[in-house]
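Asker: query-v1.pdb is reproduced in full below (PDB, C-alpha atoms).
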```pdb
ATOM      1  CA  MET P1477       7.263   1.951 -25.131
ATOM      2  CA  THR P1478      10.187   3.974 -26.482
ATOM      3  CA  MET P1479      13.515   4.272 -24.702
ATOM      4  CA  ARG P1480      12.882   7.976 -24.169
ATOM      5  CA  ARG P1481       9.634   7.228 -22.350
ATOM      6  CA  TRP P1482      11.357   4.620 -20.178
ATOM      7  CA  ILE P1483      14.103   7.089 -19.254
ATOM      8  CA  GLY P1484      11.477   9.686 -18.352
ATOM      9  CA  LYS P1485       9.656   7.208 -16.117
ATOM     10  CA  PHE P1486      12.917   6.195 -14.453
ATOM     11  CA  LEU P1487      13.817   9.828 -13.719
ATOM     12  CA  ARG P1488      10.350  10.559 -12.328
ATOM     13  CA  GLY P1489      10.540   7.468 -10.143
ATOM     14  CA  ALA P1490      13.973   8.488  -8.860
ATOM     15  CA  ALA P1491      12.606  11.955  -8.092
ATOM     16  CA  VAL P1492       9.723  10.436  -6.094
ATOM     17  CA  LEU P1493      12.135   8.321  -4.045
ATOM     18  CA  TRP P1494      14.485  11.242  -3.419
ATOM     19  CA  GLY P1495      11.602  13.551  -2.466
ATOM     20  CA  SER P1496      10.130  10.993  -0.042
ATOM     21  CA  PHE P1497      13.511  10.437   1.606
ATOM     22  CA  THR P1498      14.239  14.155   1.887
ATOM     23  CA  LEU P1499      10.814  15.012   3.304
ATOM     24  CA  VAL P1500      11.005  12.383   6.050
ATOM     25  CA  PHE P1501      14.576  13.413   6.905
ATOM     26  CA  LEU P1502      13.571  17.084   7.209
ATOM     27  CA  VAL P1503      10.596  16.219   9.416
ATOM     28  CA  PHE P1504      12.764  14.266  11.832
ATOM     29  CA  THR P1505      15.478  16.916  11.718
ATOM     30  CA  ALA P1506      12.925  19.322  13.181
ATOM     31  CA  VAL P1507      12.994  17.275  16.420
ATOM     32  CA  PRO P1508      15.104  19.390  18.820
ATOM     33  CA  ASP P1509      17.189  16.532  20.227
ATOM     34  CA  PRO P1510      16.531  13.024  18.822
ATOM     35  CA  ALA P1511      19.042  11.485  21.239
ATOM     36  CA  ARG P1512      17.152  12.827  24.255
ATOM     37  CA  GLU P1513      13.875  11.555  22.766
ATOM     38  CA  LEU P1514      15.429   8.107  22.408
ATOM     39  CA  ALA P1515      17.024   8.024  25.844
ATOM     40  CA  GLY P1516      14.176   9.673  27.733
ATOM     41  CA  GLN P1517      13.896  13.073  29.346
ATOM     42  CA  GLN P1518      15.391  11.854  32.645
ATOM     43  CA  ALA P1519      18.440  10.121  31.125
ATOM     44  CA  ASP P1520      21.975  11.026  32.200
ATOM     45  CA  PRO P1521      23.946  13.396  29.941
ATOM     46  CA  GLU P1522      26.580  10.666  29.401
ATOM     47  CA  VAL P1523      23.930   8.276  28.046
ATOM     48  CA  ILE P1524      22.570  10.937  25.715
ATOM     49  CA  ALA P1525      26.072  11.802  24.475
ATOM     50  CA  ASP P1526      26.784   8.108  23.845
ATOM     51  CA  ILE P1527      23.604   7.785  21.747
ATOM     52  CA  ARG P1528      24.531  10.880  19.745
ATOM     53  CA  ALA P1529      27.997   9.510  18.988
ATOM     54  CA  ARG P1530      26.775   5.955  18.236
ATOM     55  CA  PHE P1531      24.216   7.025  15.625
ATOM     56  CA  GLY P1532      26.028  10.106  14.314
ATOM     57  CA  LEU P1533      23.452  12.489  15.767
ATOM     58  CA  ASP P1534      26.231  14.765  16.958
ATOM     59  CA  GLN P1535      27.009  15.694  13.356
ATOM     60  CA  PRO P1536      25.367  18.588  11.490
ATOM     61  CA  ALA P1537      22.128  17.833   9.650
ATOM     62  CA  HIS P1538      23.650  18.270   6.184
ATOM     63  CA  VAL P1539      26.420  15.769   7.025
ATOM     64  CA  ARG P1540      23.904  13.188   8.255
ATOM     65  CA  TYR P1541      21.809  13.752   5.132
ATOM     66  CA  TRP P1542      24.815  13.247   2.858
ATOM     67  CA  ASN P1543      25.889  10.096   4.702
ATOM     68  CA  ALA P1544      22.391   8.639   4.448
ATOM     69  CA  MET P1545      22.246   9.439   0.728
ATOM     70  CA  GLN P1546      25.615   7.778   0.197
ATOM     71  CA  ALA P1547      24.453   4.669   2.043
ATOM     72  CA  LEU P1548      21.373   4.465  -0.211
ATOM     73  CA  SER P1549      23.384   4.857  -3.398
ATOM     74  CA  PRO P1550      23.780   1.595  -5.375
ATOM     75  CA  ILE P1551      27.253   2.735  -6.425
ATOM     76  CA  GLY P1552      29.980   3.334  -3.865
ATOM     77  CA  ALA P1553      32.573   1.744  -1.618
ATOM     78  CA  ARG P1554      31.946  -1.970  -1.128
ATOM     79  CA  PRO P1555      32.547  -3.803   2.174
ATOM     80  CA  GLY P1556      35.343  -5.899   0.635
ATOM     81  CA  GLY P1557      37.164  -2.833  -0.598
ATOM     82  CA  GLY P1558      37.095  -0.842  -3.796
ATOM     83  CA  TRP P1559      34.217   0.834  -5.596
ATOM     84  CA  GLY P1560      31.404  -0.658  -7.626
ATOM     85  CA  ILE P1561      27.802  -1.847  -7.554
ATOM     86  CA  ARG P1562      26.527  -2.612  -4.054
ATOM     87  CA  PHE P1563      23.223  -3.232  -2.295
ATOM     88  CA  PRO P1564      21.832   0.017  -0.795
ATOM     89  CA  SER P1565      21.957   0.188   2.979
ATOM     90  CA  LEU P1566      19.022   1.464   5.022
ATOM     91  CA  GLY P1567      21.107   1.618   8.190
ATOM     92  CA  ARG P1568      20.401   0.182  11.616
ATOM     93  CA  SER P1569      17.489   0.738  13.944
ATOM     94  CA  TYR P1570      17.985   3.216  16.781
ATOM     95  CA  VAL P1571      15.958   0.998  19.122
ATOM     96  CA  MET P1572      16.248  -2.639  18.030
ATOM     97  CA  PRO P1573      19.579  -4.479  17.556
ATOM     98  CA  GLU P1574      18.785  -5.181  13.898
ATOM     99  CA  THR P1575      19.304  -3.654  10.496
ATOM    100  CA  VAL P1576      16.385  -1.799   8.960
ATOM    101  CA  GLY P1577      16.469  -4.117   5.964
ATOM    102  CA  SER P1578      15.968  -7.226   8.099
ATOM    103  CA  MET P1579      13.088  -5.612  10.006
ATOM    104  CA  LEU P1580      11.356  -4.588   6.784
ATOM    105  CA  TRP P1581      11.959  -8.028   5.279
ATOM    106  CA  LYS P1582      10.185  -9.643   8.230
ATOM    107  CA  ALA P1583       7.219  -7.240   8.211
ATOM    108  CA  LEU P1584       6.654  -6.703   4.487
ATOM    109  CA  PRO P1585       5.262 -10.164   3.532
ATOM    110  CA  ALA P1586       2.366  -9.831   5.997
ATOM    111  CA  THR P1587       1.398  -6.438   4.554
ATOM    112  CA  VAL P1588       1.749  -7.631   0.950
ATOM    113  CA  ILE P1589      -0.528 -10.603   1.670
ATOM    114  CA  LEU P1590      -3.037  -8.328   3.411
ATOM    115  CA  ALA P1591      -3.012  -5.823   0.521
ATOM    116  CA  LEU P1592      -3.317  -8.497  -2.186
ATOM    117  CA  VAL P1593      -6.207 -10.250  -0.438
ATOM    118  CA  ALA P1594      -7.995  -6.935   0.159
ATOM    119  CA  LEU P1595      -7.493  -5.852  -3.451
ATOM    120  CA  GLY P1596      -8.570  -9.259  -4.741
ATOM    121  CA  PHE P1597     -11.740  -9.003  -2.655
ATOM    122  CA  ALA P1598     -12.397  -5.519  -4.079
ATOM    123  CA  ILE P1599     -11.813  -6.626  -7.690
ATOM    124  CA  LEU P1600     -13.808  -9.854  -7.504
ATOM    125  CA  LEU P1601     -16.816  -8.031  -6.085
ATOM    126  CA  GLY P1602     -16.376  -4.565  -7.579
ATOM    127  CA  LEU P1603     -16.179  -5.512 -11.267
ATOM    128  CA  PRO P1604     -19.357  -7.639 -11.451
ATOM    129  CA  MET P1605     -21.211  -5.179  -9.220
ATOM    130  CA  GLY P1606     -20.289  -2.298 -11.518
ATOM    131  CA  LEU P1607     -21.213  -4.253 -14.648
ATOM    132  CA  TRP P1608     -24.537  -5.343 -13.187
ATOM    133  CA  ALA P1609     -25.374  -1.781 -12.151
ATOM    134  CA  ALA P1610     -24.552  -0.535 -15.659
ATOM    135  CA  ARG P1611     -26.983  -3.034 -17.210
ATOM    136  CA  ASN P1612     -29.940  -1.261 -15.594
ATOM    137  CA  PRO P1613     -28.969   2.355 -14.793
ATOM    138  CA  GLY P1614     -31.395   3.981 -12.399
ATOM    139  CA  GLY P1615     -32.657   0.652 -11.058
ATOM    140  CA  TRP P1616     -32.683  -0.382  -7.413
ATOM    141  CA  PHE P1617     -29.336  -2.200  -7.637
ATOM    142  CA  ASP P1618     -27.728   0.761  -9.384
ATOM    143  CA  ARG P1619     -28.936   3.102  -6.646
ATOM    144  CA  VAL P1620     -27.583   0.745  -3.982
ATOM    145  CA  ILE P1621     -24.177   0.621  -5.700
ATOM    146  CA  VAL P1622     -23.967   4.401  -6.092
ATOM    147  CA  GLY P1623     -25.051   5.065  -2.503
ATOM    148  CA  GLY P1624     -22.790   2.358  -1.110
ATOM    149  CA  SER P1625     -19.847   3.705  -3.104
ATOM    150  CA  VAL P1626     -20.297   7.168  -1.637
ATOM    151  CA  LEU P1627     -20.377   5.745   1.885
ATOM    152  CA  GLY P1628     -17.402   3.461   1.227
ATOM    153  CA  MET P1629     -15.244   6.234  -0.206
ATOM    154  CA  SER P1630     -16.063   8.715   2.549
ATOM    155  CA  ALA P1631     -15.594   6.422   5.562
ATOM    156  CA  PRO P1632     -12.073   6.702   7.076
ATOM    157  CA  SER P1633     -10.173   3.424   7.366
ATOM    158  CA  PHE P1634      -9.431   3.817  11.092
ATOM    159  CA  PHE P1635     -13.131   4.408  11.860
ATOM    160  CA  MET P1636     -14.221   1.409   9.794
ATOM    161  CA  ALA P1637     -11.529  -0.744  11.414
ATOM    162  CA  ILE P1638     -12.809   0.089  14.914
ATOM    163  CA  LEU P1639     -16.455  -0.348  13.884
ATOM    164  CA  ILE P1640     -15.929  -3.657  12.060
ATOM    165  CA  GLY P1641     -13.702  -5.007  14.822
ATOM    166  CA  TYR P1642     -16.244  -4.100  17.484
ATOM    167  CA  VAL P1643     -19.212  -5.590  15.610
ATOM    168  CA  PHE P1644     -17.722  -8.798  14.172
ATOM    169  CA  ALA P1645     -15.096  -9.618  16.815
ATOM    170  CA  VAL P1646     -16.392  -8.142  20.085
ATOM    171  CA  ARG P1647     -20.172  -8.212  19.805
ATOM    172  CA  TRP P1648     -20.570 -11.159  17.433
ATOM    173  CA  GLY P1649     -17.269 -12.866  18.162
ATOM    174  CA  GLY P1650     -18.926 -15.941  19.647
ATOM    175  CA  TRP P1651     -20.923 -16.417  16.453
ATOM    176  CA  THR P1652     -18.289 -15.458  13.858
ATOM    177  CA  GLY P1653     -15.323 -17.021  15.652
ATOM    178  CA  LEU P1654     -13.137 -14.122  14.459
ATOM    179  CA  PRO P1655     -10.551 -12.597  16.812
ATOM    180  CA  LEU P1656     -10.087  -8.859  17.201
ATOM    181  CA  THR P1657      -6.290  -9.031  17.042
ATOM    182  CA  GLY P1658      -3.871 -11.475  15.529
ATOM    183  CA  SER P1659      -1.262 -11.784  12.820
ATOM    184  CA  LEU P1660      -0.559 -14.187   9.979
ATOM    185  CA  TRP P1661       1.399 -16.482  12.278
ATOM    186  CA  ASP P1662      -0.088 -17.278  15.650
ATOM    187  CA  LEU P1663       0.421 -19.647  18.576
ATOM    188  CA  ASP P1664      -1.855 -22.648  19.031
ATOM    189  CA  SER P1665      -2.867 -24.228  22.346
ATOM    190  CA  ASP P1666       0.423 -26.166  22.427
ATOM    191  CA  GLY P1667       2.527 -23.053  21.936
ATOM    192  CA  GLN P1668       3.445 -23.963  18.355
ATOM    193  CA  VAL P1669       3.654 -21.310  15.639
ATOM    194  CA  VAL P1670       0.909 -21.987  13.087
ATOM    195  CA  LEU P1671      -0.550 -20.231  10.062
ATOM    196  CA  SER P1672      -3.766 -18.475  11.122
ATOM    197  CA  LEU P1673      -5.695 -17.305   8.050
ATOM    198  CA  ARG P1674      -8.799 -16.386  10.028
ATOM    199  CA  ASN P1675      -6.863 -13.433  11.464
ATOM    200  CA  LEU P1676      -6.684 -12.113   7.890
ATOM    201  CA  ILE P1677     -10.455 -11.866   7.331
ATOM    202  CA  LEU P1678     -11.366  -8.709   9.252
ATOM    203  CA  PRO P1679      -8.333  -6.545   8.316
ATOM    204  CA  ALA P1680      -8.576  -7.582   4.647
ATOM    205  CA  PHE P1681     -12.305  -6.869   4.577
ATOM    206  CA  THR P1682     -11.770  -3.467   6.213
ATOM    207  CA  LEU P1683      -8.874  -2.515   3.956
ATOM    208  CA  GLY P1684     -10.779  -3.616   0.842
ATOM    209  CA  LEU P1685     -13.928  -1.568   1.463
ATOM    210  CA  ARG P1686     -12.680   1.705  -0.018
ATOM    211  CA  PRO P1687     -11.146   0.198  -3.181
ATOM    212  CA  LEU P1688     -14.345  -1.866  -3.565
ATOM    213  CA  ALA P1689     -16.390   1.342  -3.575
ATOM    214  CA  VAL P1690     -14.029   3.067  -6.019
ATOM    215  CA  LEU P1691     -13.657   0.137  -8.422
ATOM    216  CA  SER P1692     -17.379  -0.636  -8.575
ATOM    217  CA  GLN P1693     -18.144   3.017  -9.319
ATOM    218  CA  LEU P1694     -15.405   3.254 -11.942
ATOM    219  CA  MET P1695     -16.538   0.014 -13.580
ATOM    220  CA  ARG P1696     -20.114   1.243 -13.671
ATOM    221  CA  GLY P1697     -19.161   4.560 -15.302
ATOM    222  CA  ALA P1698     -16.778   2.970 -17.821
ATOM    223  CA  ALA P1699     -19.301   0.264 -18.709
ATOM    224  CA  LEU P1700     -22.019   2.857 -19.290
ATOM    225  CA  ASP P1701     -19.713   4.719 -21.691
ATOM    226  CA  VAL P1702     -18.869   1.552 -23.620
ATOM    227  CA  LEU P1703     -22.496   0.380 -23.738
ATOM    228  CA  GLY P1704     -23.356   3.550 -25.645
ATOM    229  CA  ALA P1705     -20.549   3.068 -28.192
ATOM    230  CA  PRO P1706     -21.443   2.369 -31.861
ATOM    231  CA  HIS P1707     -19.848  -1.090 -31.980
ATOM    232  CA  VAL P1708     -21.986  -2.220 -29.036
ATOM    233  CA  GLN P1709     -25.118  -0.918 -30.745
ATOM    234  CA  THR P1710     -24.093  -2.805 -33.880
ATOM    235  CA  ALA P1711     -23.621  -6.008 -31.878
ATOM    236  CA  ARG P1712     -27.116  -5.583 -30.434
ATOM    237  CA  ALA P1713     -28.510  -5.047 -33.920
ATOM    238  CA  PHE P1714     -26.995  -8.367 -35.030
ATOM    239  CA  GLY P1715     -28.811 -10.130 -32.189
ATOM    240  CA  ALA P1716     -26.059 -10.572 -29.594
ATOM    241  CA  ASP P1717     -27.411 -11.137 -26.092
ATOM    242  CA  GLU P1718     -26.518  -8.855 -23.182
ATOM    243  CA  GLY P1719     -24.268 -11.415 -21.505
ATOM    244  CA  GLU P1720     -22.130 -11.791 -24.640
ATOM    245  CA  ILE P1721     -22.007  -8.028 -25.124
ATOM    246  CA  LEU P1722     -20.800  -7.482 -21.545
ATOM    247  CA  ARG P1723     -18.265 -10.280 -21.791
ATOM    248  CA  ARG P1724     -16.807  -9.646 -25.264
ATOM    249  CA  HIS P1725     -17.305  -5.942 -25.932
ATOM    250  CA  VAL P1726     -17.718  -4.107 -22.635
ATOM    251  CA  LEU P1727     -15.470  -5.753 -20.058
ATOM    252  CA  ARG P1728     -12.079  -5.364 -21.745
ATOM    253  CA  ASN P1729     -12.760  -1.858 -23.055
ATOM    254  CA  ALA P1730     -13.996  -0.716 -19.654
ATOM    255  CA  LEU P1731     -11.008  -2.122 -17.766
ATOM    256  CA  ASN P1732      -8.548   0.680 -18.600
ATOM    257  CA  PRO P1733      -9.556   3.124 -15.828
ATOM    258  CA  VAL P1734     -10.130   0.202 -13.471
ATOM    259  CA  VAL P1735      -6.580  -1.126 -14.004
ATOM    260  CA  THR P1736      -5.137   2.316 -13.319
ATOM    261  CA  ALA P1737      -7.176   2.698 -10.136
ATOM    262  CA  ALA P1738      -6.476  -0.851  -8.932
ATOM    263  CA  SER P1739      -2.716  -0.456  -9.379
ATOM    264  CA  GLY P1740      -2.786   2.819  -7.481
ATOM    265  CA  TRP P1741      -4.792   1.266  -4.670
ATOM    266  CA  LEU P1742      -2.359  -1.616  -4.340
ATOM    267  CA  ALA P1743       0.438   0.820  -3.559
ATOM    268  CA  GLN P1744      -1.783   2.964  -1.341
ATOM    269  CA  MET P1745      -2.764  -0.057   0.723
ATOM    270  CA  LEU P1746       0.843  -0.566   1.784
ATOM    271  CA  ALA P1747       0.820   2.941   3.227
ATOM    272  CA  GLY P1748      -2.810   3.075   4.314
ATOM    273  CA  ALA P1749      -2.655  -0.193   6.223
ATOM    274  CA  VAL P1750      -1.034   1.519   9.226
ATOM    275  CA  PHE P1751      -4.271   2.139  11.158
ATOM    276  CA  VAL P1752      -5.892  -1.108  10.041
ATOM    277  CA  GLU P1753      -2.880  -3.156  11.097
ATOM    278  CA  PHE P1754      -2.661  -1.322  14.410
ATOM    279  CA  VAL P1755      -6.347  -1.862  15.285
ATOM    280  CA  PHE P1756      -6.276  -5.554  14.391
ATOM    281  CA  GLY P1757      -2.757  -6.223  15.696
ATOM    282  CA  TRP P1758      -1.595  -7.359  12.254
ATOM    283  CA  ARG P1759       2.190  -7.221  12.498
ATOM    284  CA  GLY P1760       3.097  -5.952   9.062
ATOM    285  CA  LEU P1761       4.773  -2.903   7.587
ATOM    286  CA  GLY P1762       2.093  -0.528   8.863
ATOM    287  CA  PHE P1763       2.384  -1.854  12.412
ATOM    288  CA  LEU P1764       6.177  -1.558  12.214
ATOM    289  CA  LEU P1765       5.960   2.061  11.022
ATOM    290  CA  PHE P1766       3.527   2.926  13.808
ATOM    291  CA  GLU P1767       5.898   1.529  16.430
ATOM    292  CA  ALA P1768       8.877   3.274  14.819
ATOM    293  CA  LEU P1769       7.072   6.633  14.883
ATOM    294  CA  GLU P1770       6.271   6.178  18.571
ATOM    295  CA  ARG P1771       9.917   5.363  19.333
ATOM    296  CA  HIS P1772      11.374   8.098  17.077
ATOM    297  CA  ASP P1773      13.218   5.372  15.177
ATOM    298  CA  LEU P1774      14.185   7.457  12.134
ATOM    299  CA  PRO P1775      15.981   4.759  10.057
ATOM    300  CA  VAL P1776      12.990   2.399  10.248
ATOM    301  CA  VAL P1777      10.537   5.159   9.291
ATOM    302  CA  MET P1778      12.708   6.240   6.366
ATOM    303  CA  GLY P1779      13.132   2.642   5.231
ATOM    304  CA  GLY P1780       9.373   2.044   5.379
ATOM    305  CA  VAL P1781       8.577   5.238   3.484
ATOM    306  CA  LEU P1782      11.142   4.395   0.798
ATOM    307  CA  THR P1783       9.675   0.887   0.489
ATOM    308  CA  VAL P1784       6.184   2.286  -0.060
ATOM    309  CA  SER P1785       7.505   4.904  -2.512
ATOM    310  CA  PHE P1786       9.406   2.263  -4.458
ATOM    311  CA  THR P1787       6.231   0.180  -4.632
ATOM    312  CA  PHE P1788       4.357   3.176  -6.039
ATOM    313  CA  VAL P1789       6.970   3.595  -8.765
ATOM    314  CA  VAL P1790       7.060  -0.102  -9.732
ATOM    315  CA  VAL P1791       3.283  -0.556  -9.675
ATOM    316  CA  ASN P1792       2.830   2.600 -11.752
ATOM    317  CA  ALA P1793       5.196   1.235 -14.422
ATOM    318  CA  LEU P1794       3.425  -2.150 -14.435
ATOM    319  CA  SER P1795       0.014  -0.505 -14.696
ATOM    320  CA  ASP P1796       1.248   1.506 -17.682
ATOM    321  CA  LEU P1797       2.270  -1.734 -19.406
ATOM    322  CA  ALA P1798      -1.082  -3.335 -18.577
ATOM    323  CA  TYR P1799      -2.916  -0.273 -19.881
ATOM    324  CA  ARG P1800      -1.069  -0.490 -23.184
ATOM    325  CA  TRP P1801      -1.823  -4.207 -23.461
ATOM    326  CA  LEU P1802      -5.533  -3.612 -22.867
ATOM    327  CA  ASP P1803      -5.603  -0.662 -25.288
ATOM    328  CA  PRO P1804      -2.958  -1.003 -28.054
ATOM    329  CA  ARG P1805      -3.805   2.507 -29.261
ATOM    330  CA  ALA P1806      -2.090   3.897 -26.156
ATOM    331  CA  ALA P1807       1.223   2.379 -27.257
ATOM    332  CA  GLN P1808       1.154   4.558 -30.356
ATOM    333  CA  ALA P1809       0.441   7.751 -28.428
TER
END
```
Please rewrite the model in this file as structure tokens.
Answerer:
Amino acid sequence: MTMRRWIGKFLRGAAVLWGSFTLVFLVFTAVPDPARELAGQQADPEVIADIRARFGLDQPAHVRYWNAMQALSPIGARPGGGWGIRFPSLGRSYVMPETVGSMLWKALPATVILALVALGFAILLGLPMGLWAARNPGGWFDRVIVGGSVLGMSAPSFFMAILIGYVFAVRWGGWTGLPLTGSLWDLDSDGQVVLSLRNLILPAFTLGLRPLAVLSQLMRGAALDVLGAPHVQTARAFGADEGEILRRHVLRNALNPVVTAASGWLAQMLAGAVFVEFVFGWRGLGFLLFEALERHDLPVVMGGVLTVSFTFVVVNALSDLAYRWLDPRAAQA
């Protein structure tokens, strides 16, 4: 990848981050009086005035916007004095006595684990399902995959979360042994904090259903295109069996659109896990954002949105590198 292309990607990524930050700031600026929302409608005027002064809400919107942008800048005044490179500040929570960075740092690992497990489930099942459907287009398995993909892509995550939680945790909970709510770390009977991986099963399964439907359908379509290519027909003419053809000639060439979709889904899962985490009580980034929206905690919401946007930018760059590794012709484009 040329330096010019890298600079273009960097500028586009910076524009995405700036646009996400600005949009969230403008949405919360539309709230008539954030201090009154934080304090409650029945709060004393002195309490409301104190909140405004403490968080700078008594300043004009353009001043607050400029201050927030300065805090996010990696170049500026450092705590020890002078100017230089510094770590961007996301500010402090309006509600909790913590910095936004520490709150995100605590919540993000749970969401990353949830997203990776869900995506791994979708890839491990979606790729072989798509390949197998492409081997016999129009067969019963192919029709099942196509129909299931349509249902999986059209079903909203919050509806599937409620349905799956009700069936596997409420109705069949005695048989499955799966709880409806729970996070990565739970309390045992002795009150000790323990790792509870069984709490991961239902939210990961729910979150992975849509990417499973998309990836299996993409793999099927890409494999069908490659199976009709001349080099595959030549391999068949030389006596290669179908398993070798799928493994050596079809899989790698059909992975390009799948890699692009999988990388996009990984970033989307960080944002789309809000409802899934809320239904299953999985205390990750999505759960934190949901609570922050309820409490009108603007710094936490902005920090979460910027984290998701940054993940989109990084994953997009990594997927571009993976795409060029899988198809060297793209590097020359």
Asker: One number please: atom CA of Ser1633 of chain P to atom CA of Pro1687 of chain P, in Å, one decimal.
Answerer: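 That distance, rounded to one decimal, is 11.1 Å.
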Asker: Determine, for each residue of segment 1664-1781 of chain P having at least one atom at most 12 Å from an atom of segment 1520-1538 of chain P, the closest pair of atoms and their separation in Å to one decimal, counting only C-alpha atoms; order by chain and ascending number, as a Markdown table.
Answerer:
```
| residue | atom | partner | partner_atom | distance |
| --- | --- | --- | --- | --- |
| P:Asp1773 | CA | P:Phe1531 | CA | 11.1 |
| P:Leu1774 | CA | P:Phe1531 | CA | 10.6 |
| P:Pro1775 | CA | P:Phe1531 | CA | 10.2 |
```
Asker: Selected residues, C-alpha atoms, written as an mmCIF file, in the coordinates of the input, please.
Answerer:
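Done, and the output landed in selection.cif:
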```cif
data_model
loop_
_atom_site.group_PDB
_atom_site.id
_atom_site.type_symbol
_atom_site.label_atom_id
_atom_site.label_comp_id
_atom_site.auth_asym_id
_atom_site.auth_seq_id
_atom_site.Cartn_x
_atom_site.Cartn_y
_atom_site.Cartn_z
ATOM 1 C CA ASP P 1773 13.218 5.372 15.177
ATOM 2 C CA LEU P 1774 14.185 7.457 12.134
ATOM 3 C CA PRO P 1775 15.981 4.759 10.057
#
```
Asker: Using only C-alpha atoms, which protein or nucleic acid residues come within 9 Å of Gly1697 of chain P? Drop anything in the same chain fewer than 6 positions from it, and give the result as a ChimeraX atom specification.
Answerer: /P:1606,1610,1730
Asker: Excluding same-chain residues fewer than 5 positions from segment 1494-1505 of chain P, what lies within 9 Å of it counting all atoms listed in the file, as a ChimeraX atom specification?
Answerer: /P:1489,1510,1537,1541,1545,1772,1774,1777-1779,1781-1782,1785
Asker: Which residues match the PyMOL selection byres ((chain P and resi 1686) around 9) in the file above, as an NGL selection string?
Answerer: :P and (1598 or 1625 or 1627-1633 or 1682-1685 or 1687-1691)
Asker: Can you write out the residues you just picked, keeping C-alpha atoms, as a PDB file, in the coordinates of the input?
Answerer:
```pdb
ATOM      1  CA  ALA P1598     -12.397  -5.519  -4.079  1.00  0.00           C
ATOM      2  CA  SER P1625     -19.847   3.705  -3.104  1.00  0.00           C
ATOM      3  CA  LEU P1627     -20.377   5.745   1.885  1.00  0.00           C
ATOM      4  CA  GLY P1628     -17.402   3.461   1.227  1.00  0.00           C
ATOM      5  CA  MET P1629     -15.244   6.234  -0.206  1.00  0.00           C
ATOM      6  CA  SER P1630     -16.063   8.715   2.549  1.00  0.00           C
ATOM      7  CA  ALA P1631     -15.594   6.422   5.562  1.00  0.00           C
ATOM      8  CA  PRO P1632     -12.073   6.702   7.076  1.00  0.00           C
ATOM      9  CA  SER P1633     -10.173   3.424   7.366  1.00  0.00           C
ATOM     10  CA  THR P1682     -11.770  -3.467   6.213  1.00  0.00           C
ATOM     11  CA  LEU P1683      -8.874  -2.515   3.956  1.00  0.00           C
ATOM     12  CA  GLY P1684     -10.779  -3.616   0.842  1.00  0.00           C
ATOM     13  CA  LEU P1685     -13.928  -1.568   1.463  1.00  0.00           C
ATOM     14  CA  PRO P1687     -11.146   0.198  -3.181  1.00  0.00           C
ATOM     15  CA  LEU P1688     -14.345  -1.866  -3.565  1.00  0.00           C
ATOM     16  CA  ALA P1689     -16.390   1.342  -3.575  1.00  0.00           C
ATOM     17  CA  VAL P1690     -14.029   3.067  -6.019  1.00  0.00           C
ATOM     18  CA  LEU P1691     -13.657   0.137  -8.422  1.00  0.00           C
TER      19      LEU P1691
END
```
Asker: P:Leu1694, P:Ala1699, P:Val1571, P:Val1755: which is nearest Tyr1642 of chain P, counting all atoms listed in the file?
Answerer: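 Looking only at the distances to Tyr1642 of chain P, the closest residue turns out to be P:Val1755.
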Asker: How many Å lie between atom CA of Ala1698 of chain P and atom CA of Pro1679 of chain P, rounded to one decimal?
Answerer: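 So the answer is 29.1 Å.
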